[in-house]
file run-v5.txt (compact mmCIF, C-alpha atoms)
# COMPACT_ATOMS: atom_id res chain seq x y z
CA MET A 1 12.46 59.27 -1.10
CA LYS A 2 11.82 56.04 -3.01
CA LEU A 3 14.22 53.12 -2.94
CA ALA A 4 13.07 51.46 -6.15
CA GLY A 5 12.88 52.87 -9.65
CA VAL A 6 13.95 56.39 -8.78
CA PHE A 7 16.88 58.24 -7.29
CA ALA A 8 16.70 59.52 -3.75
CA LEU A 9 18.88 61.93 -1.85
CA PHE A 10 19.71 61.93 1.84
CA ALA A 11 20.88 65.29 3.15
CA VAL A 12 23.18 64.88 6.12
CA VAL A 13 21.99 66.85 9.13
CA LEU A 14 25.08 68.42 10.63
CA PRO A 15 23.84 69.76 13.98
CA ALA A 16 22.66 66.33 15.16
CA PHE A 17 26.26 65.20 15.57
CA ALA A 18 27.83 68.47 16.62
CA ASP A 19 28.74 67.55 20.20
CA HIS A 20 28.73 63.78 20.50
CA THR A 21 32.55 63.62 20.62
CA ALA A 22 32.79 66.11 23.50
CA GLY A 23 34.98 64.97 26.36
CA TYR A 24 36.63 62.07 24.53
CA ASP A 25 39.76 63.76 23.19
CA GLY A 26 42.93 62.27 24.61
CA ILE A 27 41.20 59.28 26.18
CA LYS A 28 42.79 55.91 25.47
CA VAL A 29 40.82 52.67 25.50
CA LEU A 30 42.91 49.83 26.90
CA ARG A 31 42.34 46.10 27.06
CA ILE A 32 43.70 44.83 30.38
CA PRO A 33 44.36 41.09 30.82
CA THR A 34 43.05 40.00 34.20
CA GLY A 35 44.52 36.64 35.13
CA ASN A 36 43.16 36.11 38.64
CA SER A 37 43.39 39.80 39.52
CA THR A 38 39.90 40.93 38.49
CA ALA A 39 38.89 42.12 41.97
CA ARG A 40 42.03 44.25 42.38
CA LEU A 41 41.67 45.73 38.91
CA ASP A 42 37.99 46.49 39.50
CA SER A 43 38.90 48.26 42.73
CA LEU A 44 41.54 50.36 40.95
CA ILE A 45 39.14 51.26 38.14
CA GLU A 46 36.43 52.23 40.63
CA SER A 47 38.83 54.37 42.64
CA LEU A 48 39.71 56.37 39.52
CA ASP A 49 36.08 56.48 38.35
CA LEU A 50 36.91 55.08 34.91
CA SER A 51 34.33 54.03 32.32
CA VAL A 52 34.39 50.31 31.56
CA TRP A 53 33.34 48.89 28.19
CA THR A 54 33.48 45.21 29.10
CA HIS A 55 33.93 43.55 32.48
CA ALA A 56 35.92 40.39 33.04
CA SER A 57 33.38 37.59 33.25
CA ARG A 58 35.78 34.94 34.53
CA PRO A 59 39.50 34.45 35.38
CA ASN A 60 42.02 34.89 32.57
CA SER A 61 39.68 37.23 30.73
CA HIS A 62 40.07 40.97 30.11
CA ILE A 63 38.65 44.38 30.94
CA ASP A 64 38.23 47.09 28.29
CA VAL A 65 38.40 50.52 29.91
CA GLU A 66 38.59 54.23 29.02
CA VAL A 67 41.65 55.95 30.51
CA PRO A 68 41.87 59.77 30.40
CA LYS A 69 45.32 61.22 29.89
CA ASP A 70 45.43 62.83 33.36
CA VAL A 71 45.35 59.42 35.07
CA TYR A 72 47.03 57.35 32.36
CA LYS A 73 50.44 57.13 34.02
CA ILE A 74 49.18 56.25 37.48
CA PHE A 75 46.67 53.77 36.08
CA THR A 76 49.08 51.89 33.81
CA SER A 77 51.75 51.88 36.51
CA SER A 78 49.31 50.44 39.05
CA VAL A 79 47.99 47.89 36.55
CA GLY A 80 51.52 46.81 35.69
CA LYS A 81 52.28 46.27 39.36
CA ILE A 82 49.10 44.23 39.92
CA LEU A 83 49.66 42.06 36.86
CA LYS A 84 53.30 41.45 37.79
CA GLU A 85 52.34 40.39 41.30
CA GLU A 86 49.68 38.05 39.86
CA GLY A 87 52.08 36.59 37.32
CA VAL A 88 50.11 37.82 34.29
CA THR A 89 52.40 38.05 31.27
CA TYR A 90 49.91 39.10 28.57
CA PRO A 91 50.48 42.69 27.44
CA ILE A 92 48.09 45.60 27.80
CA GLU A 93 46.55 46.33 24.38
CA VAL A 94 45.62 49.77 23.08
CA MET A 95 42.21 49.64 21.36
CA HIS A 96 41.96 53.38 20.76
CA GLU A 97 44.97 55.67 20.97
CA ASP A 98 42.68 58.72 21.07
CA LEU A 99 38.97 57.97 21.46
CA GLY A 100 37.93 61.41 20.25
CA VAL A 101 39.78 60.87 16.97
CA SER A 102 38.22 57.42 16.57
CA ILE A 103 34.69 58.73 17.15
CA ARG A 104 35.15 61.50 14.60
CA LYS A 105 36.48 58.99 12.09
CA GLU A 106 33.50 56.71 12.77
CA SER A 107 31.18 59.58 11.88
CA GLU A 108 33.02 60.92 8.83
CA GLY A 109 30.10 60.10 6.55
CA LEU A 110 27.78 62.02 8.84
CA VAL A 111 29.73 65.23 9.25
CA LYS A 112 30.55 65.81 5.61
CA ALA A 113 28.04 68.11 3.94
CA ASP A 114 27.71 65.71 1.04
CA GLU A 115 24.59 64.05 -0.31
CA PHE A 116 24.68 60.49 -1.47
CA THR A 117 22.41 58.77 -3.92
CA ILE A 118 20.36 55.67 -3.35
CA GLN A 119 18.83 54.03 -6.38
CA ALA A 120 17.06 50.84 -7.34
CA GLY A 121 18.44 47.34 -6.82
CA LEU A 122 21.75 46.65 -5.14
CA ALA A 123 22.76 50.31 -5.40
CA ASN A 124 20.49 51.20 -2.50
CA GLN A 125 22.95 49.39 -0.29
CA ALA A 126 24.64 52.80 -0.23
CA TRP A 127 22.58 53.34 2.93
CA PHE A 128 24.92 50.86 4.60
CA ASN A 129 28.06 52.84 3.82
CA ASN A 130 27.54 55.23 6.74
CA TYR A 131 25.96 55.64 10.14
CA HIS A 132 22.87 57.85 10.26
CA THR A 133 20.88 60.23 12.41
CA TYR A 134 17.84 58.99 14.28
CA ASP A 135 15.50 60.99 12.04
CA ASP A 136 17.04 59.47 8.94
CA HIS A 137 16.51 55.98 10.38
CA LEU A 138 12.80 56.77 10.72
CA THR A 139 12.73 58.10 7.16
CA TRP A 140 14.41 54.92 5.94
CA LEU A 141 11.77 52.73 7.57
CA ASN A 142 8.95 54.78 6.04
CA ASP A 143 10.58 54.66 2.63
CA MET A 144 11.05 50.90 2.80
CA VAL A 145 7.30 50.58 3.41
CA ALA A 146 6.55 53.00 0.56
CA THR A 147 8.78 50.98 -1.77
CA PHE A 148 7.40 47.58 -0.76
CA PRO A 149 3.79 48.34 0.22
CA ASN A 150 2.57 44.80 -0.44
CA ASN A 151 5.06 43.28 1.97
CA ALA A 152 5.68 45.86 4.70
CA LYS A 153 4.04 48.23 7.13
CA ILE A 154 5.11 50.34 10.10
CA VAL A 155 4.46 49.03 13.62
CA SER A 156 5.11 50.47 17.07
CA SER A 157 5.76 48.98 20.49
CA GLY A 158 4.87 52.21 22.29
CA THR A 159 6.84 55.27 23.27
CA SER A 160 10.05 56.08 25.10
CA VAL A 161 10.52 58.16 28.25
CA SER A 162 10.68 61.28 26.10
CA GLY A 163 7.68 60.27 24.00
CA ARG A 164 9.55 59.06 20.93
CA ASP A 165 7.79 56.35 18.96
CA ILE A 166 9.53 52.96 19.16
CA LYS A 167 9.03 52.27 15.50
CA GLY A 168 9.58 49.02 13.66
CA ILE A 169 8.77 47.42 10.34
CA ASN A 170 6.50 44.42 9.86
CA ILE A 171 7.49 42.32 6.85
CA PHE A 172 4.96 39.77 5.62
CA GLY A 173 4.23 37.51 2.70
CA SER A 174 1.42 36.74 0.32
CA SER A 175 -1.17 35.93 3.00
CA GLY A 176 -0.85 39.36 4.63
CA SER A 177 0.21 40.59 8.05
CA GLY A 178 -0.55 38.76 11.26
CA THR A 179 -1.27 35.35 9.78
CA LYS A 180 2.06 33.58 10.35
CA PRO A 181 4.31 32.90 13.37
CA ALA A 182 6.25 35.97 14.45
CA VAL A 183 9.98 36.54 14.17
CA ILE A 184 10.95 39.53 16.35
CA TRP A 185 14.30 41.32 16.27
CA HIS A 186 15.45 44.21 18.49
CA GLY A 187 18.41 46.49 17.82
CA THR A 188 20.15 49.25 19.78
CA VAL A 189 18.71 48.47 23.20
CA HIS A 190 22.06 49.84 24.39
CA ALA A 191 22.35 53.25 22.84
CA ARG A 192 26.06 53.22 21.98
CA GLU A 193 25.85 50.01 19.92
CA TRP A 194 25.31 51.73 16.56
CA ILE A 195 26.29 48.72 14.47
CA SER A 196 23.24 46.83 15.75
CA SER A 197 20.73 49.27 14.21
CA MET A 198 22.50 49.16 10.86
CA THR A 199 22.80 45.37 10.88
CA VAL A 200 19.14 44.87 11.78
CA GLU A 201 18.19 47.23 8.96
CA TYR A 202 20.37 45.22 6.59
CA LEU A 203 18.35 42.13 7.52
CA ALA A 204 15.08 43.96 6.84
CA TYR A 205 16.40 45.27 3.53
CA SER A 206 17.57 41.79 2.49
CA LEU A 207 14.17 40.23 3.20
CA LEU A 208 12.28 42.86 1.21
CA ASN A 209 14.72 43.38 -1.63
CA ASN A 210 14.99 39.64 -2.33
CA TYR A 211 11.36 38.64 -1.91
CA ALA A 212 10.52 39.00 -5.60
CA ASN A 213 13.67 37.38 -7.01
CA SER A 214 14.59 34.59 -4.57
CA THR A 215 12.43 31.54 -3.97
CA GLU A 216 14.39 30.93 -0.77
CA ILE A 217 13.66 34.36 0.70
CA LYS A 218 10.07 34.36 -0.55
CA GLY A 219 9.63 31.09 1.30
CA TYR A 220 10.81 32.63 4.58
CA VAL A 221 8.69 35.76 4.22
CA ASP A 222 5.62 33.74 3.29
CA LYS A 223 6.23 31.43 6.27
CA TYR A 224 6.82 34.03 9.00
CA ASP A 225 5.74 37.52 10.02
CA PHE A 226 8.86 39.58 10.74
CA TYR A 227 8.72 42.42 13.28
CA ILE A 228 11.98 44.31 13.14
CA PHE A 229 12.83 47.20 15.51
CA PRO A 230 16.22 48.73 14.64
CA ILE A 231 16.26 51.20 17.56
CA VAL A 232 14.35 50.23 20.70
CA ASN A 233 16.12 52.84 22.86
CA PRO A 234 15.52 56.01 20.82
CA ASP A 235 16.20 58.52 23.61
CA GLY A 236 19.53 56.96 24.45
CA PHE A 237 20.44 56.67 20.77
CA VAL A 238 19.73 60.37 20.16
CA TYR A 239 21.79 61.21 23.25
CA THR A 240 24.79 59.36 21.76
CA GLN A 241 24.47 61.58 18.69
CA THR A 242 24.00 64.90 20.44
CA SER A 243 25.90 64.66 23.71
CA THR A 244 27.72 61.53 24.87
CA ARG A 245 28.73 58.97 22.24
CA LEU A 246 29.27 56.08 24.68
CA TRP A 247 25.97 56.42 26.59
CA ARG A 248 24.32 53.01 27.20
CA LYS A 249 21.02 53.33 29.10
CA ASN A 250 17.70 55.03 28.37
CA ARG A 251 17.19 58.62 29.58
CA GLN A 252 14.82 58.03 32.46
CA SER A 253 14.89 60.54 35.33
CA PRO A 254 16.99 59.66 38.37
CA PRO A 255 15.30 57.75 41.17
CA SER A 256 14.87 59.40 44.56
CA GLY A 257 18.20 60.17 46.20
CA SER A 258 20.25 60.03 42.99
CA THR A 259 21.28 62.44 40.25
CA CYS A 260 22.07 59.72 37.69
CA TYR A 261 19.83 59.21 34.68
CA GLY A 262 18.78 56.06 32.92
CA ARG A 263 17.81 52.43 33.21
CA ASP A 264 19.55 49.58 31.43
CA ILE A 265 16.50 48.31 29.61
CA ASN A 266 18.15 44.94 29.10
CA ARG A 267 18.30 44.46 32.88
CA ASN A 268 14.76 45.71 33.45
CA TRP A 269 12.60 42.85 32.17
CA ASN A 270 10.39 41.02 34.64
CA ASN A 271 12.23 37.72 34.61
CA GLY A 272 15.09 37.06 37.00
CA TRP A 273 15.01 40.80 37.80
CA ALA A 274 15.19 40.30 41.58
CA GLN A 275 18.49 38.38 41.41
CA THR A 276 21.33 39.86 43.41
CA ASN A 277 23.84 39.37 40.58
CA GLY A 278 23.69 40.11 36.87
CA ALA A 279 22.68 43.78 37.22
CA SER A 280 23.37 46.76 39.44
CA THR A 281 21.20 48.50 42.02
CA ASN A 282 23.35 51.63 41.70
CA PRO A 283 21.53 54.23 39.55
CA CYS A 284 24.87 55.55 38.31
CA ALA A 285 25.98 52.16 36.95
CA ASP A 286 25.69 51.35 33.26
CA ASP A 287 23.78 48.17 34.09
CA TYR A 288 21.35 49.75 36.57
CA LYS A 289 18.28 47.51 36.59
CA GLY A 290 15.78 50.13 37.74
CA ALA A 291 13.78 50.68 40.91
CA ALA A 292 11.32 47.94 39.95
CA ALA A 293 10.97 45.36 37.22
CA ALA A 294 9.74 46.92 33.96
CA ASP A 295 9.72 50.44 35.38
CA ALA A 296 11.09 51.68 32.04
CA PRO A 297 8.32 52.45 29.52
CA GLU A 298 10.45 51.03 26.72
CA THR A 299 10.62 47.66 28.51
CA ARG A 300 6.88 47.60 29.19
CA GLY A 301 6.00 48.35 25.58
CA LEU A 302 8.46 45.86 24.10
CA ALA A 303 7.35 43.11 26.48
CA ALA A 304 3.68 43.75 25.69
CA PHE A 305 4.43 43.58 21.98
CA ILE A 306 6.23 40.24 22.25
CA ASP A 307 3.53 38.83 24.53
CA ALA A 308 0.77 39.89 22.16
CA ARG A 309 2.45 38.16 19.22
CA ALA A 310 3.21 35.06 21.30
CA LYS A 311 -0.38 34.79 22.56
CA SER A 312 -1.93 35.32 19.14
CA SER A 313 -3.32 32.41 17.13
CA ALA A 314 -0.23 32.55 14.90
CA GLY A 315 2.19 32.55 17.85
CA ALA A 316 5.85 33.62 17.92
CA LYS A 317 8.72 31.50 16.62
CA MET A 318 11.93 33.47 17.13
CA TYR A 319 13.30 36.39 19.12
CA ILE A 320 16.79 37.88 18.77
CA ASP A 321 18.22 40.82 20.71
CA TRP A 322 21.10 42.28 18.67
CA HIS A 323 24.02 43.93 20.51
CA SER A 324 27.71 44.69 20.09
CA TYR A 325 30.51 43.87 20.65
CA SER A 326 32.34 40.51 21.17
CA GLN A 327 31.10 38.24 18.32
CA LEU A 328 28.87 35.96 20.39
CA PHE A 329 25.63 34.16 19.59
CA MET A 330 23.92 33.08 22.78
CA PHE A 331 20.74 31.62 24.23
CA PRO A 332 19.13 31.32 27.69
CA TYR A 333 19.94 31.66 30.44
CA GLY A 334 21.54 34.93 31.47
CA TYR A 335 20.22 35.15 35.01
CA SER A 336 21.60 31.73 35.99
CA CYS A 337 24.84 29.96 35.14
CA THR A 338 23.48 26.63 36.33
CA LYS A 339 19.93 26.53 34.99
CA VAL A 340 19.72 24.77 31.61
CA ALA A 341 17.11 25.69 29.01
CA THR A 342 14.67 22.93 28.12
CA ASP A 343 15.67 23.35 24.49
CA ASN A 344 19.37 23.76 25.25
CA ALA A 345 20.61 21.12 22.79
CA GLU A 346 18.58 22.47 19.87
CA LEU A 347 19.40 26.08 20.65
CA GLY A 348 23.07 25.16 20.84
CA ARG A 349 22.91 23.37 17.51
CA LEU A 350 21.27 26.35 15.83
CA ALA A 351 23.72 28.79 17.41
CA SER A 352 26.65 26.72 16.15
CA GLY A 353 25.12 26.65 12.67
CA PHE A 354 24.68 30.42 12.77
CA ALA A 355 28.36 30.83 13.69
CA THR A 356 29.49 28.49 10.92
CA ALA A 357 27.43 30.35 8.33
CA VAL A 358 28.80 33.70 9.49
CA ARG A 359 32.39 32.48 9.39
CA ALA A 360 32.02 31.11 5.84
CA LEU A 361 31.67 34.61 4.39
CA TYR A 362 34.54 36.67 5.81
CA GLY A 363 36.11 34.36 8.38
CA THR A 364 34.52 36.17 11.33
CA ARG A 365 34.52 33.84 14.33
CA TYR A 366 31.62 33.73 16.77
CA THR A 367 31.55 31.96 20.13
CA THR A 368 28.26 30.33 21.12
CA GLY A 369 26.65 29.13 24.32
CA PRO A 370 24.29 30.11 27.15
CA ILE A 371 24.46 33.82 28.02
CA CYS A 372 25.66 33.48 31.62
CA THR A 373 28.53 31.10 30.89
CA THR A 374 29.51 32.68 27.58
CA ILE A 375 29.70 36.37 28.45
CA TYR A 376 28.53 37.08 32.04
CA ALA A 377 25.51 36.93 34.32
CA ALA A 378 22.74 39.19 33.01
CA SER A 379 19.51 39.28 34.99
CA GLY A 380 16.28 40.84 33.76
CA SER A 381 17.19 40.37 30.09
CA SER A 382 14.82 40.32 27.14
CA THR A 383 16.09 36.98 25.82
CA ASP A 384 15.35 35.17 29.08
CA TYR A 385 11.95 36.89 29.25
CA ALA A 386 11.04 35.91 25.69
CA TYR A 387 12.00 32.30 26.40
CA ASP A 388 10.59 31.88 29.91
CA VAL A 389 7.58 34.19 29.96
CA SER A 390 6.53 34.63 26.33
CA LYS A 391 7.46 31.02 25.52
CA VAL A 392 9.29 31.93 22.32
CA LYS A 393 11.29 28.75 21.78
CA TYR A 394 14.04 30.16 19.58
CA SER A 395 15.26 33.06 21.74
CA PHE A 396 18.78 34.36 21.24
CA ALA A 397 21.08 37.25 22.11
CA ALA A 398 23.84 38.31 19.73
CA GLU A 399 26.96 40.41 20.15
CA LEU A 400 28.08 41.63 16.73
CA ARG A 401 31.50 42.79 15.51
CA ASP A 402 34.18 43.08 16.68
CA THR A 403 36.19 41.36 19.41
CA GLY A 404 37.87 44.49 20.68
CA SER A 405 39.99 46.19 18.05
CA ASN A 406 37.38 48.94 17.81
CA GLY A 407 34.68 47.90 20.26
CA PHE A 408 31.64 50.17 20.25
CA VAL A 409 33.29 52.64 17.87
CA LEU A 410 33.22 50.39 14.82
CA PRO A 411 34.28 52.06 11.54
CA ALA A 412 31.51 52.57 9.00
CA SER A 413 33.47 50.44 6.55
CA GLN A 414 32.41 47.41 8.60
CA ILE A 415 28.66 48.07 8.41
CA ARG A 416 28.05 46.21 5.18
CA PRO A 417 30.28 43.20 5.97
CA SER A 418 28.55 42.91 9.35
CA GLY A 419 25.18 42.94 7.62
CA GLU A 420 26.20 40.43 4.98
CA GLU A 421 27.67 37.88 7.35
CA THR A 422 24.80 38.25 9.82
CA TRP A 423 22.35 37.73 6.96
CA ALA A 424 24.12 34.47 6.15
CA GLY A 425 23.72 33.35 9.74
CA VAL A 426 20.07 34.37 9.88
CA LYS A 427 19.29 32.45 6.71
CA TYR A 428 20.71 29.35 8.38
CA LEU A 429 18.40 29.86 11.36
CA LEU A 430 15.33 30.40 9.19
CA ALA A 431 16.11 27.27 7.18
CA ASN A 432 16.73 25.05 10.19
CA MET A 433 14.19 26.01 12.85
CA ALA A 434 11.82 23.11 13.44
call {"tool": "encode", "arguments": {"input": "run-v5.txt", "output": "structure tokens"}}
result
Amino acid sequence: MKLAGVFALFAVVLPAFADHTAGYDGIKVLRIPTGNSTARLDSLIESLDLSVWTHASRPNSHIDVEVPKDVYKIFTSSVGKILKEEGVTYPIEVMHEDLGVSIRKESEGLVKADEFTIQAGLANQAWFNNYHTYDDHLTWLNDMVATFPNNAKIVSSGTSVSGRDIKGINIFGSSGSGTKPAVIWHGTVHAREWISSMTVEYLAYSLLNNYANSTEIKGYVDKYDFYIFPIVNPDGFVYTQTSTRLWRKNRQSPPSGSTCYGRDINRNWNNGWAQTNGASTNPCADDYKGAAAADAPETRGLAAFIDARAKSSAGAKMYIDWHSYSQLFMFPYGYSCTKVATDNAELGRLASGFATAVRALYGTRYTTGPICTTIYAASGSSTDYAYDVSKVKYSFAAELRDTGSNGFVLPASQIRPSGEETWAGVKYLLANMA
């Protein structure tokens, strides 16, 4: 397939998505206001073994939780009692009436046996009309390099637990690869966050497609070497497409004494890993930090890649870890709510500028601030590692669309708007980094 000058066809691979909705039919996703009752609500959720999408990070926040129909009545009754006793008057919101239906709707473009055409120029934005299989993401990266051979090449940060290549694209300017400060972006570290892979690819596409016709974009590409990894958790991502749509971690084998798979590879980096808060020591938890720092091969490879760029003669200028959801643009620190980054004022200014640029396009509002005080404590994160260990000054973590109407199951119709508004924010950062 070529993206420029010719037509190209993507055949949708049906079997890859055959079972990823299994077990979700009839499940509601509810947003529960917490008031000061977080501990009681957490205890109730744990007793019913419910899957949580977002935890309350502070009083008067909320918890987004999956509620199967067989426990719906007892759960909502118990929640109502707790909230009444705590004086919470905000209503419970229904994010998904039937999660299975929402997941199938999210994947409509994947399960139809249609082919769609991508052609030169803006028309190849058709890629951003749908979510895609893992194999098609790899094909897309290869085809971008084939279409723009003078400005792009494939790079790798190593392999996953299952031996899948962690593939990225290096975008460079007129002086060639490896000669300019690095800008490094990661997507889909958490497997269920599909919008992050598509948004990161939109950024790569925008850099390459505009290099020849925009002096602004040519200036950025000539000034920096971009290393863009749309899917840094390939095993987990494939698992969300073949088995369990809302899987988060990698697919590492259980540690001794457990039957639960996976490490959260954004709690596994060797920086603040030993903290007692900000990650779980329970192998069955979504935020399980691993048996040791960097015991996930994905983490080791990604860290080595960042360190190599940072220690090179060209150095590294920016790192962003792209996630969803909540519409946040954050900076260090995650492992401490009291420690202040040396560059806090400048990082805050840039984050605010990013949010303003994003909002100008479609009105999407982002909240900005340090990770720990903006969302929650997160120890062993890549953003803190890049800032503290690799010394990448402009290190950020983003949570993309939305703020809870759809959560992780974001309709495909929002892929392109997410890409466009994020591109506006990124251009602000590239224009205003010192």
call {"tool": "residues_around", "arguments": {"input": "run-v5.txt", "residues": "region 232-237 of chain A", "least_positions_apart": "5", "cutoff": "6 Å", "atoms": "all atoms listed in the file", "output": "ChimeraX atom specification"}}
result
/A:166,188-189,191,250-251
call {"tool": "atom_distance", "arguments": {"input": "run-v5.txt", "atom1": "CA of Tyr134 (chain A)", "atom2": "CA of Lys167 (chain A)"}}
result
11.1 Å
call {"tool": "atom_distance", "arguments": {"input": "run-v5.txt", "atom1": "CA of Asp321 (chain A)", "atom2": "CA of Ile265 (chain A)"}}
result
11.8 Å
call {"tool": "closest_residue", "arguments": {"input": "run-v5.txt", "among": "A:Pro59, A:Gly173, A:Gly315, A:Gly23", "to": "Thr38 (chain A)", "atoms": "only C-alpha atoms"}}
result
A:Pro59
call {"tool": "closest_residue", "arguments": {"input": "run-v5.txt", "among": "A:Arg40, A:Arg349, A:His323, A:Lys180", "to": "Thr199 (chain A)", "atoms": "only C-alpha atoms"}}
result
A:His323
call {"tool": "residues_around", "arguments": {"input": "run-v5.txt", "residues": "Pro370 (chain A)", "least_positions_apart": "2", "cutoff": "6 Å", "atoms": "all atoms listed in the file", "output": "list in words"}}
result
Met330, Phe331, Pro332, Tyr333, Cys372, Thr373 and Thr374 of chain A
call {"tool": "write_last_selection", "arguments": {"input": "run-v5.txt", "atoms": "C-alpha atoms", "output": "JSON list (two decimals), keeping the file's coordinate frame"}}
result
[["chain", "number", "residue", "atom", "x", "y", "z"],
["A", 330, "MET", "CA", 23.92, 33.08, 22.78],
["A", 331, "PHE", "CA", 20.74, 31.62, 24.23],
["A", 332, "PRO", "CA", 19.13, 31.32, 27.69],
["A", 333, "TYR", "CA", 19.94, 31.66, 30.44],
["A", 372, "CYS", "CA", 25.66, 33.48, 31.62],
["A", 373, "THR", "CA", 28.53, 31.10, 30.89],
["A", 374, "THR", "CA", 29.51, 32.68, 27.58]]
call {"tool": "closest_residue", "arguments": {"input": "run-v5.txt", "among": "A:Met95, A:Ala292, A:Ala39, A:Ala204", "to": "Glu420 (chain A)", "atoms": "only C-alpha atoms"}}
result
A:Ala204
call {"tool": "closest_residue", "arguments": {"input": "run-v5.txt", "among": "A:His186, A:Arg359, A:Lys339, A:Arg416", "to": "Asp388 (chain A)", "atoms": "all atoms listed in the file"}}
result
A:Lys339
call {"tool": "atom_distance", "arguments": {"input": "run-v5.txt", "atom1": "CA of Thr383 (chain A)", "atom2": "CA of Gly301 (chain A)"}}
result
15.2 Å
call {"tool": "closest_residue", "arguments": {"input": "run-v5.txt", "among": "A:Met198, A:Gly168, A:Cys284, A:Leu328", "to": "Gly257 (chain A)", "atoms": "all atoms listed in the file"}}
result
A:Cys284
call {"tool": "closest_residue", "arguments": {"input": "run-v5.txt", "among": "A:Gly407, A:Pro297, A:Gly419, A:Gly187", "to": "His96 (chain A)", "atoms": "all atoms listed in the file"}}
result
A:Gly407
call {"tool": "residues_near_point", "arguments": {"input": "run-v5.txt", "point": "(44.1, 56.5, 28.8)", "cutoff": "7 Å", "atoms": "only C-alpha atoms", "output": "ChimeraX atom specification"}}
result
/A:27-29,66-69,72
call {"tool": "residues_around", "arguments": {"input": "run-v5.txt", "residues": "Leu48 (chain A)", "least_positions_apart": "4", "cutoff": "12 Å", "atoms": "all atoms listed in the file", "output": "PyMOL selection string"}}
result
chain A and resi 41-44+52+65-68+70-72+74-76+78
call {"tool": "residues_around", "arguments": {"input": "run-v5.txt", "residues": "Ser418 (chain A)", "least_positions_apart": "2", "cutoff": "10 Å", "atoms": "only C-alpha atoms", "output": "ChimeraX atom specification"}}
result
/A:128,195-196,198-200,202,358,362,364,400-402,413-416,420-423
call {"tool": "write_last_selection", "arguments": {"input": "run-v5.txt", "atoms": "C-alpha atoms", "output": "CSV table (one decimal), in the coordinates of the input"}}
result
chain,number,residue,atom,x,y,z
A,128,PHE,CA,24.9,50.9,4.6
A,195,ILE,CA,26.3,48.7,14.5
A,196,SER,CA,23.2,46.8,15.8
A,198,MET,CA,22.5,49.2,10.9
A,199,THR,CA,22.8,45.4,10.9
A,200,VAL,CA,19.1,44.9,11.8
A,202,TYR,CA,20.4,45.2,6.6
A,358,VAL,CA,28.8,33.7,9.5
A,362,TYR,CA,34.5,36.7,5.8
A,364,THR,CA,34.5,36.2,11.3
A,400,LEU,CA,28.1,41.6,16.7
A,401,ARG,CA,31.5,42.8,15.5
A,402,ASP,CA,34.2,43.1,16.7
A,413,SER,CA,33.5,50.4,6.6
A,414,GLN,CA,32.4,47.4,8.6
A,415,ILE,CA,28.7,48.1,8.4
A,416,ARG,CA,28.0,46.2,5.2
A,420,GLU,CA,26.2,40.4,5.0
A,421,GLU,CA,27.7,37.9,7.4
A,422,THR,CA,24.8,38.2,9.8
A,423,TRP,CA,22.4,37.7,7.0
call {"tool": "axis_aligned_box", "arguments": {"input": "run-v5.txt", "around": "region 89-98 of chain A", "padding_each_side": "4 Å", "output": "AutoDock Vina command-line options"}}
result
--center_x 47.2 --center_y 48.4 --center_z 26.0 --size_x 18.4 --size_y 28.7 --size_z 18.5
call {"tool": "decode", "arguments": {"input": "run-v5.txt", "residues": "region 322-329 of chain A", "atoms": "N, CA, C and O atoms", "output": "PDB file, in the first residue's frame"}}
result
ATOM      1  N   TRP A 322       1.249   9.272  26.089  1.00  0.00           N
ATOM      2  CA  TRP A 322      -0.143   9.568  25.745  1.00  0.00           C
ATOM      3  C   TRP A 322      -1.074   8.477  26.259  1.00  0.00           C
ATOM      4  O   TRP A 322      -0.900   7.299  25.948  1.00  0.00           O
ATOM      5  N   HIS A 323      -2.086   8.878  27.024  1.00  0.00           N
ATOM      6  CA  HIS A 323      -3.070   7.968  27.622  1.00  0.00           C
ATOM      7  C   HIS A 323      -4.490   8.462  27.326  1.00  0.00           C
ATOM      8  O   HIS A 323      -4.687   9.490  26.699  1.00  0.00           O
ATOM      9  N   SER A 324      -5.459   7.727  27.821  1.00  0.00           N
ATOM     10  CA  SER A 324      -6.838   8.200  27.932  1.00  0.00           C
ATOM     11  C   SER A 324      -7.421   7.530  29.174  1.00  0.00           C
ATOM     12  O   SER A 324      -6.924   6.479  29.607  1.00  0.00           O
ATOM     13  N   TYR A 325      -8.429   8.105  29.797  1.00  0.00           N
ATOM     14  CA  TYR A 325      -9.167   9.296  29.428  1.00  0.00           C
ATOM     15  C   TYR A 325      -9.169  10.259  30.601  1.00  0.00           C
ATOM     16  O   TYR A 325      -8.747   9.880  31.691  1.00  0.00           O
ATOM     17  N   SER A 326      -9.643  11.478  30.422  1.00  0.00           N
ATOM     18  CA  SER A 326      -9.863  12.495  31.461  1.00  0.00           C
ATOM     19  C   SER A 326      -9.525  13.907  31.010  1.00  0.00           C
ATOM     20  O   SER A 326      -9.818  14.861  31.720  1.00  0.00           O
ATOM     21  N   GLN A 327      -8.858  14.062  29.832  1.00  0.00           N
ATOM     22  CA  GLN A 327      -8.511  15.382  29.296  1.00  0.00           C
ATOM     23  C   GLN A 327      -7.618  16.152  30.273  1.00  0.00           C
ATOM     24  O   GLN A 327      -7.989  17.185  30.817  1.00  0.00           O
ATOM     25  N   LEU A 328      -6.426  15.612  30.461  1.00  0.00           N
ATOM     26  CA  LEU A 328      -5.429  16.192  31.349  1.00  0.00           C
ATOM     27  C   LEU A 328      -4.106  16.307  30.606  1.00  0.00           C
ATOM     28  O   LEU A 328      -3.773  15.450  29.778  1.00  0.00           O
ATOM     29  N   PHE A 329      -3.350  17.351  30.907  1.00  0.00           N
ATOM     30  CA  PHE A 329      -1.985  17.457  30.390  1.00  0.00           C
ATOM     31  C   PHE A 329      -1.091  17.791  31.574  1.00  0.00           C
ATOM     32  O   PHE A 329      -1.208  18.869  32.172  1.00  0.00           O
TER      33      PHE A 329
END
